[in-house]
file data-v8.pdb (PDB, C-alpha atoms)
ATOM      1  CA  MET V   1     -24.375-135.439 -17.599
ATOM      2  CA  GLY V   2     -25.439-132.319 -19.478
ATOM      3  CA  SER V   3     -28.554-132.339 -21.562
ATOM      4  CA  VAL V   4     -26.853-130.890 -24.645
ATOM      5  CA  LEU V   5     -24.596-132.978 -26.845
ATOM      6  CA  ASN V   6     -20.931-132.545 -26.084
ATOM      7  CA  PHE V   7     -19.565-132.933 -29.593
ATOM      8  CA  ASN V   8     -15.883-133.624 -29.846
ATOM      9  CA  PRO V   9     -14.302-134.063 -33.269
ATOM     10  CA  HIS V  10     -11.817-136.470 -31.747
ATOM     11  CA  CYS V  11     -14.645-138.992 -31.178
ATOM     12  CA  VAL V  12     -14.572-139.653 -34.914
ATOM     13  CA  LEU V  13     -11.066-141.085 -34.413
ATOM     14  CA  LEU V  14     -12.289-143.632 -31.845
ATOM     15  CA  PRO V  15     -12.507-146.612 -34.239
ATOM     16  CA  LEU V  16      -8.953-146.002 -35.489
ATOM     17  CA  LEU V  17      -7.547-145.571 -31.989
ATOM     18  CA  LEU V  18      -9.214-148.765 -30.814
ATOM     19  CA  VAL V  19      -7.732-150.728 -33.695
ATOM     20  CA  LEU V  20      -4.251-149.295 -33.078
ATOM     21  CA  ALA V  21      -4.448-150.034 -29.361
ATOM     22  CA  ALA V  22      -5.521-153.624 -29.964
ATOM     23  CA  THR V  23      -2.748-154.129 -32.522
ATOM     24  CA  ALA V  24      -0.094-152.735 -30.183
ATOM     25  CA  ALA V  25      -1.248-154.930 -27.311
ATOM     26  CA  THR V  26      -1.210-158.011 -29.537
ATOM     27  CA  HIS V  27       2.377-157.408 -30.635
ATOM     28  CA  ALA V  28       3.355-156.869 -26.998
ATOM     29  CA  ASN V  29       1.808-160.248 -26.069
ATOM     30  CA  ILE V  30      -0.542-158.568 -23.597
ATOM     31  CA  PRO V  31      -3.705-160.608 -22.949
ATOM     32  CA  LEU V  32      -6.729-158.807 -24.352
ATOM     33  CA  PRO V  33     -10.259-158.995 -22.990
ATOM     34  CA  ARG V  34     -13.227-160.175 -24.955
ATOM     35  CA  PRO V  35     -15.150-158.763 -26.722
ATOM     36  CA  ARG V  36     -12.566-156.802 -28.687
ATOM     37  CA  LEU V  37     -11.896-155.638 -32.208
ATOM     38  CA  GLY V  38     -10.352-158.324 -34.382
ATOM     39  CA  TYR V  39     -11.068-161.015 -31.805
ATOM     40  CA  TYR V  40     -11.258-163.986 -34.203
ATOM     41  CA  GLY V  41      -8.080-163.213 -36.110
ATOM     42  CA  SER V  42      -6.872-166.140 -38.185
ATOM     43  CA  ALA V  43      -9.384-168.473 -36.506
ATOM     44  CA  CYS V  44     -12.063-166.922 -38.725
ATOM     45  CA  TRP V  45     -10.401-164.155 -40.702
ATOM     46  CA  ASN V  46     -13.371-163.694 -43.056
ATOM     47  CA  VAL V  47     -16.148-163.573 -40.452
ATOM     48  CA  GLU V  48     -17.175-160.010 -41.325
ATOM     49  CA  SER V  49     -17.194-160.570 -45.081
ATOM     50  CA  ILE V  50     -19.318-163.716 -44.701
ATOM     51  CA  VAL V  51     -21.896-161.920 -42.563
ATOM     52  CA  ARG V  52     -21.860-158.901 -44.861
ATOM     53  CA  SER V  53     -22.524-161.074 -47.922
ATOM     54  CA  VAL V  54     -25.524-162.735 -46.277
ATOM     55  CA  VAL V  55     -26.839-159.363 -45.128
ATOM     56  CA  GLN V  56     -26.561-157.887 -48.604
ATOM     57  CA  SER V  57     -28.479-160.690 -50.291
ATOM     58  CA  ASN V  58     -31.230-160.567 -47.671
ATOM     59  CA  TYR V  59     -31.473-156.782 -47.778
ATOM     60  CA  PHE V  60     -32.036-156.749 -51.523
ATOM     61  CA  ALA V  61     -34.535-159.610 -51.188
ATOM     62  CA  ASN V  62     -36.457-157.762 -48.465
ATOM     63  CA  PRO V  63     -35.329-154.302 -47.253
ATOM     64  CA  ALA V  64     -37.594-154.702 -44.184
ATOM     65  CA  ASN V  65     -34.901-157.011 -42.812
ATOM     66  CA  ALA V  66     -32.817-153.909 -42.023
ATOM     67  CA  PRO V  67     -35.011-152.391 -39.297
ATOM     68  CA  GLY V  68     -35.966-155.918 -38.255
ATOM     69  CA  ILE V  69     -32.410-156.945 -37.413
ATOM     70  CA  LEU V  70     -31.573-153.568 -35.849
ATOM     71  CA  ARG V  71     -34.576-153.926 -33.564
ATOM     72  CA  MET V  72     -33.691-157.545 -32.802
ATOM     73  CA  HIS V  73     -30.190-156.508 -31.692
ATOM     74  CA  PHE V  74     -31.678-153.851 -29.400
ATOM     75  CA  HIS V  75     -34.166-156.314 -27.914
ATOM     76  CA  ASP V  76     -31.402-158.858 -27.391
ATOM     77  CA  CYS V  77     -29.055-156.473 -25.591
ATOM     78  CA  PHE V  78     -31.746-154.999 -23.326
ATOM     79  CA  VAL V  79     -32.716-158.432 -21.946
ATOM     80  CA  GLN V  80     -29.881-160.260 -20.172
ATOM     81  CA  GLY V  81     -27.294-158.512 -22.311
ATOM     82  CA  CYS V  82     -26.048-159.037 -25.869
ATOM     83  CA  ASP V  83     -25.979-162.829 -25.710
ATOM     84  CA  GLY V  84     -28.162-163.965 -28.601
ATOM     85  CA  SER V  85     -30.868-165.172 -26.205
ATOM     86  CA  ILE V  86     -33.493-163.553 -28.443
ATOM     87  CA  LEU V  87     -32.560-166.119 -31.108
ATOM     88  CA  LEU V  88     -33.417-169.178 -29.004
ATOM     89  CA  ASP V  89     -36.670-170.860 -29.955
ATOM     90  CA  GLY V  90     -39.093-172.528 -27.548
ATOM     91  CA  PRO V  91     -42.576-172.294 -26.023
ATOM     92  CA  ASN V  92     -41.562-169.797 -23.317
ATOM     93  CA  SER V  93     -38.531-168.173 -24.936
ATOM     94  CA  GLU V  94     -37.970-164.426 -25.352
ATOM     95  CA  ARG V  95     -39.305-164.741 -28.892
ATOM     96  CA  THR V  96     -42.772-165.478 -27.522
ATOM     97  CA  ALA V  97     -43.005-162.265 -25.438
ATOM     98  CA  ILE V  98     -45.491-159.780 -26.904
ATOM     99  CA  PRO V  99     -42.881-157.111 -27.848
ATOM    100  CA  ASN V 100     -40.896-159.754 -29.752
ATOM    101  CA  GLN V 101     -43.680-161.452 -31.667
ATOM    102  CA  SER V 102     -43.316-159.033 -34.575
ATOM    103  CA  LEU V 103     -39.534-159.415 -34.872
ATOM    104  CA  ARG V 104     -38.285-160.454 -38.281
ATOM    105  CA  GLY V 105     -34.984-161.626 -39.737
ATOM    106  CA  PHE V 106     -34.240-164.771 -37.708
ATOM    107  CA  ASN V 107     -33.596-166.580 -40.984
ATOM    108  CA  VAL V 108     -30.840-164.089 -41.837
ATOM    109  CA  ILE V 109     -28.889-164.918 -38.684
ATOM    110  CA  GLU V 110     -29.367-168.663 -39.217
ATOM    111  CA  GLU V 111     -28.136-168.376 -42.803
ATOM    112  CA  ALA V 112     -25.004-166.530 -41.712
ATOM    113  CA  LYS V 113     -24.435-169.084 -38.959
ATOM    114  CA  MET V 114     -24.689-171.974 -41.424
ATOM    115  CA  GLN V 115     -22.080-170.404 -43.677
ATOM    116  CA  LEU V 116     -19.771-169.634 -40.758
ATOM    117  CA  GLU V 117     -20.049-173.193 -39.464
ATOM    118  CA  ILE V 118     -18.700-174.325 -42.825
ATOM    119  CA  ALA V 119     -15.887-171.769 -42.908
ATOM    120  CA  CYS V 120     -15.035-171.694 -39.181
ATOM    121  CA  PRO V 121     -16.774-174.532 -37.276
ATOM    122  CA  ARG V 122     -17.737-173.845 -33.647
ATOM    123  CA  THR V 123     -15.941-170.502 -33.626
ATOM    124  CA  VAL V 124     -18.301-167.543 -34.125
ATOM    125  CA  SER V 125     -21.143-166.894 -31.699
ATOM    126  CA  CYS V 126     -24.674-166.081 -32.759
ATOM    127  CA  ALA V 127     -24.527-162.979 -30.562
ATOM    128  CA  ASP V 128     -21.594-161.705 -32.622
ATOM    129  CA  ILE V 129     -23.383-162.476 -35.880
ATOM    130  CA  LEU V 130     -26.393-160.435 -34.749
ATOM    131  CA  ALA V 131     -24.199-157.478 -33.749
ATOM    132  CA  LEU V 132     -22.410-157.518 -37.110
ATOM    133  CA  ALA V 133     -25.629-157.945 -39.089
ATOM    134  CA  ALA V 134     -27.258-154.967 -37.353
ATOM    135  CA  ARG V 135     -24.327-152.748 -38.338
ATOM    136  CA  ASP V 136     -24.229-154.009 -41.933
ATOM    137  CA  PHE V 137     -27.969-153.554 -42.464
ATOM    138  CA  VAL V 138     -27.761-149.960 -41.212
ATOM    139  CA  VAL V 139     -24.957-149.270 -43.688
ATOM    140  CA  LEU V 140     -27.103-150.565 -46.564
ATOM    141  CA  THR V 141     -29.871-148.092 -45.665
ATOM    142  CA  GLY V 142     -27.391-145.224 -45.972
ATOM    143  CA  GLY V 143     -26.361-145.175 -42.327
ATOM    144  CA  PRO V 144     -22.929-145.116 -40.675
ATOM    145  CA  TRP V 145     -20.356-147.864 -40.310
ATOM    146  CA  TRP V 146     -18.916-148.481 -36.844
ATOM    147  CA  PRO V 147     -16.424-151.018 -35.461
ATOM    148  CA  VAL V 148     -18.027-154.061 -33.823
ATOM    149  CA  PRO V 149     -15.990-155.713 -31.060
ATOM    150  CA  LEU V 150     -16.300-159.486 -31.205
ATOM    151  CA  GLY V 151     -15.888-162.397 -28.815
ATOM    152  CA  ARG V 152     -19.295-162.507 -27.129
ATOM    153  CA  LEU V 153     -20.562-165.881 -26.043
ATOM    154  CA  ASP V 154     -24.115-167.106 -26.525
ATOM    155  CA  GLY V 155     -26.396-167.293 -23.507
ATOM    156  CA  ARG V 156     -28.152-170.503 -22.509
ATOM    157  CA  VAL V 157     -31.270-168.950 -20.964
ATOM    158  CA  SER V 158     -34.166-167.351 -22.846
ATOM    159  CA  LEU V 159     -37.396-166.714 -20.964
ATOM    160  CA  ALA V 160     -40.329-164.554 -21.949
ATOM    161  CA  SER V 161     -40.738-163.650 -18.274
ATOM    162  CA  ASN V 162     -37.365-161.848 -18.388
ATOM    163  CA  VAL V 163     -38.450-159.493 -21.168
ATOM    164  CA  ASP V 164     -38.844-155.936 -19.868
ATOM    165  CA  LEU V 165     -38.314-153.596 -22.803
ATOM    166  CA  PRO V 166     -38.987-149.880 -23.260
ATOM    167  CA  GLU V 167     -42.675-149.228 -23.921
ATOM    168  CA  PRO V 168     -44.142-146.989 -26.659
ATOM    169  CA  THR V 169     -45.839-144.858 -23.989
ATOM    170  CA  ASP V 170     -42.792-144.414 -21.724
ATOM    171  CA  SER V 171     -42.059-140.924 -20.462
ATOM    172  CA  VAL V 172     -38.546-139.508 -20.733
ATOM    173  CA  ALA V 173     -38.037-140.184 -17.026
ATOM    174  CA  VAL V 174     -38.904-143.873 -17.448
ATOM    175  CA  GLN V 175     -36.778-144.158 -20.585
ATOM    176  CA  LYS V 176     -33.821-142.616 -18.763
ATOM    177  CA  GLN V 177     -34.180-145.149 -15.961
ATOM    178  CA  ARG V 178     -34.257-148.044 -18.416
ATOM    179  CA  PHE V 179     -31.208-146.817 -20.321
ATOM    180  CA  SER V 180     -29.265-145.897 -17.196
ATOM    181  CA  ALA V 181     -29.730-149.460 -15.945
ATOM    182  CA  LYS V 182     -27.788-150.539 -19.052
ATOM    183  CA  ASN V 183     -25.044-147.924 -18.507
ATOM    184  CA  LEU V 184     -26.392-145.793 -21.342
ATOM    185  CA  ASN V 185     -26.884-142.063 -20.827
ATOM    186  CA  THR V 186     -29.506-139.592 -22.028
ATOM    187  CA  GLN V 187     -27.564-138.806 -25.174
ATOM    188  CA  ASP V 188     -27.476-142.529 -26.006
ATOM    189  CA  LEU V 189     -31.226-142.652 -25.384
ATOM    190  CA  VAL V 190     -31.999-139.953 -27.939
ATOM    191  CA  VAL V 191     -29.524-141.203 -30.516
ATOM    192  CA  LEU V 192     -30.604-144.840 -30.295
ATOM    193  CA  ALA V 193     -34.288-143.893 -30.377
ATOM    194  CA  ALA V 194     -33.477-142.201 -33.682
ATOM    195  CA  GLY V 195     -32.856-145.684 -35.053
ATOM    196  CA  HIS V 196     -36.587-145.378 -35.759
ATOM    197  CA  THR V 197     -35.496-143.466 -38.844
ATOM    198  CA  ILE V 198     -35.952-146.857 -40.529
ATOM    199  CA  GLY V 199     -38.806-149.268 -39.984
ATOM    200  CA  THR V 200     -42.501-149.522 -39.292
ATOM    201  CA  VAL V 201     -44.838-150.177 -36.368
ATOM    202  CA  GLY V 202     -48.190-151.943 -36.058
ATOM    203  CA  CYS V 203     -51.281-149.755 -35.675
ATOM    204  CA  GLY V 204     -52.328-151.600 -32.531
ATOM    205  CA  VAL V 205     -49.242-150.334 -30.717
ATOM    206  CA  PHE V 206     -50.094-146.626 -30.894
ATOM    207  CA  ARG V 207     -53.570-146.121 -32.404
ATOM    208  CA  ASP V 208     -55.222-144.891 -29.185
ATOM    209  CA  ARG V 209     -52.852-141.932 -29.179
ATOM    210  CA  PHE V 210     -54.468-140.660 -32.374
ATOM    211  CA  PHE V 211     -58.080-141.299 -31.352
ATOM    212  CA  ASN V 212     -58.543-141.570 -27.600
ATOM    213  CA  TYR V 213     -55.411-140.460 -25.791
ATOM    214  CA  ASN V 214     -55.538-141.453 -22.130
ATOM    215  CA  ASN V 215     -59.314-141.994 -22.473
ATOM    216  CA  THR V 216     -59.901-138.312 -23.277
ATOM    217  CA  GLY V 217     -61.821-139.092 -26.463
ATOM    218  CA  SER V 218     -59.375-136.932 -28.404
ATOM    219  CA  PRO V 219     -55.889-137.316 -29.934
ATOM    220  CA  ASP V 220     -52.740-136.516 -27.969
ATOM    221  CA  PRO V 221     -52.575-132.688 -28.022
ATOM    222  CA  THR V 222     -48.823-132.760 -28.661
ATOM    223  CA  ILE V 223     -49.413-134.248 -32.127
ATOM    224  CA  ASN V 224     -49.339-131.795 -35.025
ATOM    225  CA  PRO V 225     -53.054-131.370 -35.931
ATOM    226  CA  SER V 226     -52.303-131.829 -39.637
ATOM    227  CA  PHE V 227     -50.649-135.179 -38.901
ATOM    228  CA  VAL V 228     -53.637-136.663 -37.085
ATOM    229  CA  PRO V 229     -55.915-137.341 -40.102
ATOM    230  CA  GLN V 230     -52.982-138.777 -42.051
ATOM    231  CA  ILE V 231     -52.343-141.478 -39.447
ATOM    232  CA  GLN V 232     -56.038-141.987 -38.715
ATOM    233  CA  SER V 233     -56.579-142.827 -42.378
ATOM    234  CA  GLN V 234     -53.753-145.374 -42.279
ATOM    235  CA  CYS V 235     -54.892-146.833 -38.962
ATOM    236  CA  PRO V 236     -58.693-146.484 -38.770
ATOM    237  CA  LEU V 237     -60.251-147.023 -35.375
ATOM    238  CA  ASN V 238     -61.669-150.459 -36.187
ATOM    239  CA  GLY V 239     -58.957-151.407 -38.665
ATOM    240  CA  ASN V 240     -56.454-154.245 -38.570
ATOM    241  CA  PRO V 241     -54.087-153.684 -35.616
ATOM    242  CA  ALA V 242     -51.333-155.499 -37.531
ATOM    243  CA  THR V 243     -51.317-152.915 -40.340
ATOM    244  CA  ARG V 244     -47.912-151.258 -40.304
ATOM    245  CA  VAL V 245     -47.044-147.600 -40.805
ATOM    246  CA  SER V 246     -43.729-145.808 -41.032
ATOM    247  CA  LEU V 247     -42.018-144.677 -37.835
ATOM    248  CA  ASP V 248     -40.352-141.941 -39.885
ATOM    249  CA  THR V 249     -43.073-140.566 -42.131
ATOM    250  CA  GLY V 250     -41.781-139.902 -45.618
ATOM    251  CA  SER V 251     -38.431-141.642 -45.152
ATOM    252  CA  GLU V 252     -38.944-145.083 -43.628
ATOM    253  CA  GLY V 253     -36.336-146.908 -45.694
ATOM    254  CA  GLN V 254     -33.535-144.361 -45.529
ATOM    255  CA  PHE V 255     -31.224-143.812 -42.558
ATOM    256  CA  ASP V 256     -31.214-140.029 -42.155
ATOM    257  CA  THR V 257     -32.193-137.198 -39.809
ATOM    258  CA  SER V 258     -35.799-137.050 -41.033
ATOM    259  CA  TYR V 259     -36.952-138.786 -37.827
ATOM    260  CA  LEU V 260     -35.529-135.923 -35.767
ATOM    261  CA  THR V 261     -37.119-133.326 -38.039
ATOM    262  CA  ASN V 262     -40.480-135.049 -37.651
ATOM    263  CA  LEU V 263     -40.182-134.795 -33.867
ATOM    264  CA  ARG V 264     -39.558-131.065 -34.201
ATOM    265  CA  PHE V 265     -42.819-130.659 -36.103
ATOM    266  CA  GLY V 266     -44.939-132.877 -33.856
ATOM    267  CA  ARG V 267     -44.995-135.779 -36.292
ATOM    268  CA  GLY V 268     -43.616-138.510 -34.054
ATOM    269  CA  VAL V 269     -45.750-141.657 -34.314
ATOM    270  CA  LEU V 270     -44.904-143.109 -30.908
ATOM    271  CA  GLU V 271     -45.480-141.149 -27.731
ATOM    272  CA  SER V 272     -42.097-142.324 -26.424
ATOM    273  CA  ASP V 273     -40.487-140.705 -29.468
ATOM    274  CA  GLN V 274     -42.403-137.416 -29.456
ATOM    275  CA  VAL V 275     -41.692-136.782 -25.767
ATOM    276  CA  LEU V 276     -38.006-136.509 -26.672
ATOM    277  CA  TRP V 277     -38.858-133.175 -28.303
ATOM    278  CA  ASN V 278     -41.309-132.051 -25.641
ATOM    279  CA  ASN V 279     -38.963-132.702 -22.703
ATOM    280  CA  ALA V 280     -36.671-129.909 -21.475
ATOM    281  CA  GLU V 281     -33.659-132.214 -21.118
ATOM    282  CA  THR V 282     -33.846-134.203 -24.335
ATOM    283  CA  ARG V 283     -35.078-131.475 -26.681
ATOM    284  CA  PRO V 284     -31.698-129.659 -26.750
ATOM    285  CA  ILE V 285     -30.036-132.905 -27.834
ATOM    286  CA  VAL V 286     -32.428-133.199 -30.778
ATOM    287  CA  GLU V 287     -31.977-129.501 -31.570
ATOM    288  CA  GLN V 288     -28.209-129.700 -31.595
ATOM    289  CA  LEU V 289     -28.197-132.823 -33.733
ATOM    290  CA  LEU V 290     -30.322-130.938 -36.267
ATOM    291  CA  GLY V 291     -28.542-127.592 -35.907
ATOM    292  CA  LEU V 292     -25.016-128.666 -36.776
ATOM    293  CA  ARG V 293     -23.475-127.712 -40.100
ATOM    294  CA  SER V 294     -23.417-131.362 -41.208
ATOM    295  CA  PRO V 295     -26.202-132.911 -39.075
ATOM    296  CA  PHE V 296     -26.205-136.299 -40.768
ATOM    297  CA  LEU V 297     -22.451-136.781 -40.343
ATOM    298  CA  TRP V 298     -22.640-135.971 -36.631
ATOM    299  CA  PHE V 299     -25.781-138.015 -36.102
ATOM    300  CA  GLY V 300     -24.161-140.966 -37.872
ATOM    301  CA  ALA V 301     -21.029-140.692 -35.738
ATOM    302  CA  GLU V 302     -23.066-140.464 -32.546
ATOM    303  CA  PHE V 303     -25.290-143.369 -33.576
ATOM    304  CA  GLY V 304     -22.251-145.560 -34.208
ATOM    305  CA  ARG V 305     -20.759-144.614 -30.851
ATOM    306  CA  SER V 306     -23.960-145.441 -28.991
ATOM    307  CA  MET V 307     -24.395-148.720 -30.876
ATOM    308  CA  TYR V 308     -20.836-149.664 -29.938
ATOM    309  CA  LYS V 309     -21.673-149.032 -26.283
ATOM    310  CA  MET V 310     -24.961-150.909 -26.477
ATOM    311  CA  SER V 311     -23.332-153.953 -28.060
ATOM    312  CA  LEU V 312     -21.232-154.435 -24.908
ATOM    313  CA  ILE V 313     -24.125-154.623 -22.439
ATOM    314  CA  ASP V 314     -23.694-157.581 -20.052
ATOM    315  CA  VAL V 315     -21.846-159.764 -22.556
ATOM    316  CA  LYS V 316     -21.244-163.411 -21.683
ATOM    317  CA  THR V 317     -17.650-164.633 -21.335
ATOM    318  CA  GLY V 318     -15.887-167.656 -19.873
ATOM    319  CA  LEU V 319     -18.222-170.226 -18.356
ATOM    320  CA  ASP V 320     -21.204-167.884 -18.687
ATOM    321  CA  GLY V 321     -21.908-168.886 -22.265
ATOM    322  CA  GLU V 322     -21.119-171.034 -25.279
ATOM    323  CA  ILE V 323     -20.695-170.993 -29.049
ATOM    324  CA  ARG V 324     -23.976-172.402 -30.330
ATOM    325  CA  ARG V 325     -23.913-174.732 -33.312
ATOM    326  CA  VAL V 326     -27.411-173.578 -34.274
ATOM    327  CA  CYS V 327     -28.612-170.148 -33.240
ATOM    328  CA  SER V 328     -32.136-171.256 -32.330
ATOM    329  CA  ALA V 329     -31.075-173.902 -29.800
ATOM    330  CA  VAL V 330     -28.541-174.361 -27.012
ATOM    331  CA  ASN V 331     -25.888-177.016 -27.438
ATOM    332  CA  LEU V 332     -26.744-180.476 -26.099
TER     333      LEU V 332
END
call {"tool": "encode", "arguments": {"input": "data-v8.pdb", "output": "structure tokens"}}
result
Amino acid sequence: MGSVLNFNPHCVLLPLLLVLAATAATHANIPLPRPRLGYYGSACWNVESIVRSVVQSNYFANPANAPGILRMHFHDCFVQGCDGSILLDGPNSERTAIPNQSLRGFNVIEEAKMQLEIACPRTVSCADILALAARDFVVLTGGPWWPVPLGRLDGRVSLASNVDLPEPTDSVAVQKQRFSAKNLNTQDLVVLAAGHTIGTVGCGVFRDRFFNYNNTGSPDPTINPSFVPQIQSQCPLNGNPATRVSLDTGSEGQFDTSYLTNLRFGRGVLESDQVLWNNAETRPIVEQLLGLRSPFLWFGAEFGRSMYKMSLIDVKTGLDGEIRRVCSAVNL
């Protein structure tokens, strides 16, 4: 795979082509795999509108739910696939793993599930609800819409010991290995990392980078010197590690290309983000995303494409899963 984005205007037609293909196969009585677009059909024709309504009310009540649910979807898919296992509660569940303890928005998924159980009992999986909610929250922040294939089943296993997520200090090489293991390429890595255009991060996650990088007693030299005192003032050395700062300085609530611009100027908060600009393979991807005539339109299209791919990681089908009645617990 080349390191520079291979933009093809025909990729914008992908959602339409997928819908047309699914419709043609249905009329020809050809069995279709799951997940797929339009999976629920008449069994729950209003599934997307129900989820969208719940998302809208929760976004306006607390906009922080948007990055929270997007992050939750990512954490779900990268551990045992997109099976809603992150939603299961319990003393040793994925929720209890350190990277997941700051996740927010579980109540949003439960609310949508309750409404869907009234409209379409025992039909829609929690994994599907999470995938739809992530898309709809991104749209509300000004981001792109993309088609979400449905028909995932919910997993029955959720263990903190299975959680092995990308780390905020990962090099590009390590990030590539993690993404490749999920059948995602380097372009997907950069584009999905740019989901940090919305959201915040706790000071305890990255503070050493701005004060004592790798025990040098100094900040990471790749940080823009003018950016250092700004973050140090927000995250003082002996301050509260739970204090949160924007991952996309100056634009944390808006889905845009500001995150990529910040990387260009050495203003990435996380080391794993900033290395995407410093690395010879990933930097051209960032540059081309920013250099196009309509960068936001192309970035949005690429983000939707990569999210579509991510949402299909190791999905559960057949006897591998179930349709939970409550998202926080397996069926008895």
call {"tool": "resolve_selection", "arguments": {"input": "data-v8.pdb", "expression": "the PyMOL selection byres ((chain V and resi 277-291) around 12)", "output": "MDAnalysis selection string"}}
result
chainID V and resid 1:7 171:173 175:176 185:194 221:223 256:268 270:276 292:303
call {"tool": "residues_around", "arguments": {"input": "data-v8.pdb", "residues": "V:Ala97", "least_positions_apart": "5", "cutoff": "9 Å", "atoms": "only C-alpha atoms", "output": "list of chain:residue names"}}
result
V:Asn92, V:Leu159, V:Ala160, V:Ser161, V:Val163
call {"tool": "resolve_selection", "arguments": {"input": "data-v8.pdb", "expression": "the PyMOL selection byres ((chain V and resi 73) around 9)", "output": "mmCIF file with C-alpha atoms, keeping the file's coordinate frame"}}
result
data_model
loop_
_atom_site.group_PDB
_atom_site.id
_atom_site.type_symbol
_atom_site.label_atom_id
_atom_site.label_comp_id
_atom_site.auth_asym_id
_atom_site.auth_seq_id
_atom_site.Cartn_x
_atom_site.Cartn_y
_atom_site.Cartn_z
ATOM 1 C CA GLY V 68 -35.966 -155.918 -38.255
ATOM 2 C CA ILE V 69 -32.410 -156.945 -37.413
ATOM 3 C CA LEU V 70 -31.573 -153.568 -35.849
ATOM 4 C CA ARG V 71 -34.576 -153.926 -33.564
ATOM 5 C CA MET V 72 -33.691 -157.545 -32.802
ATOM 6 C CA PHE V 74 -31.678 -153.851 -29.400
ATOM 7 C CA HIS V 75 -34.166 -156.314 -27.914
ATOM 8 C CA ASP V 76 -31.402 -158.858 -27.391
ATOM 9 C CA CYS V 77 -29.055 -156.473 -25.591
ATOM 10 C CA PHE V 78 -31.746 -154.999 -23.326
ATOM 11 C CA CYS V 82 -26.048 -159.037 -25.869
ATOM 12 C CA GLY V 84 -28.162 -163.965 -28.601
ATOM 13 C CA ILE V 86 -33.493 -163.553 -28.443
ATOM 14 C CA ALA V 127 -24.527 -162.979 -30.562
ATOM 15 C CA LEU V 130 -26.393 -160.435 -34.749
ATOM 16 C CA ALA V 131 -24.199 -157.478 -33.749
ATOM 17 C CA ALA V 133 -25.629 -157.945 -39.089
ATOM 18 C CA ALA V 134 -27.258 -154.967 -37.353
ATOM 19 C CA SER V 311 -23.332 -153.953 -28.060
#
call {"tool": "atom_distance", "arguments": {"input": "data-v8.pdb", "atom1": "atom CA of V:Gly250", "atom2": "atom CA of V:Thr197"}}
result
9.9 Å
call {"tool": "closest_atom_pairs", "arguments": {"input": "data-v8.pdb", "of": "stretch 269-321 of chain V", "to": "stretch 138-154 of chain V", "cutoff": "6 Å", "atoms": "all atoms listed in the file", "output": "tab-separated table"}}
result
residue	atom	partner	partner_atom	distance
V:Gly300	CA	V:Pro144	CA	5.2
V:Gly304	CA	V:Trp146	CA	5.2
V:Val315	CA	V:Arg152	CA	5.9
V:Lys316	CA	V:Leu153	CA	5.1
V:Thr317	CA	V:Leu153	CA	5.7
V:Gly321	CA	V:Leu153	CA	5.0
call {"tool": "resolve_selection", "arguments": {"input": "data-v8.pdb", "expression": "the PyMOL selection byres ((chain V and resi 208) around 12)", "output": "ChimeraX atom specification"}}
result
/V:168-169,203-207,209-220,228,231-232,235-238,241,269-271
call {"tool": "closest_residue", "arguments": {"input": "data-v8.pdb", "among": "V:Arg52, V:Arg135, V:Lys182, V:Arg36", "to": "V:Val79", "atoms": "all atoms listed in the file"}}
result
V:Lys182
call {"tool": "closest_residue", "arguments": {"input": "data-v8.pdb", "among": "V:Ala329, V:Ala112, V:Met310, V:Leu247", "to": "V:Phe179", "atoms": "only C-alpha atoms"}}
result
V:Met310
call {"tool": "closest_residue", "arguments": {"input": "data-v8.pdb", "among": "V:Val47, V:Ser53, V:Ser328, V:Tyr39", "to": "V:Leu116", "atoms": "only C-alpha atoms"}}
result
V:Val47
call {"tool": "closest_residue", "arguments": {"input": "data-v8.pdb", "among": "V:Phe137, V:Phe255, V:Phe227, V:Tyr40", "to": "V:Tyr59", "atoms": "all atoms listed in the file"}}
result
V:Phe137
call {"tool": "atom_distance", "arguments": {"input": "data-v8.pdb", "atom1": "atom CA of V:Gly155", "atom2": "atom CA of V:Asn331"}}
result
10.5 Å
call {"tool": "atom_distance", "arguments": {"input": "data-v8.pdb", "atom1": "atom CA of V:Ile323", "atom2": "atom CA of V:Cys120"}}
result
11.6 Å
call {"tool": "closest_residue", "arguments": {"input": "data-v8.pdb", "among": "V:Val51, V:Ile198, V:Leu184, V:Val330", "to": "V:Tyr308", "atoms": "all atoms listed in the file"}}
result
V:Leu184
call {"tool": "residues_around", "arguments": {"input": "data-v8.pdb", "residues": "V:Thr123", "least_positions_apart": "4", "cutoff": "8 Å", "atoms": "all atoms listed in the file", "output": "ChimeraX atom specification"}}
result
/V:43-44,117,323
call {"tool": "closest_residue", "arguments": {"input": "data-v8.pdb", "among": "V:Ile98, V:Ala66, V:Met114, V:Ile50", "to": "V:Cys327", "atoms": "all atoms listed in the file"}}
result
V:Met114
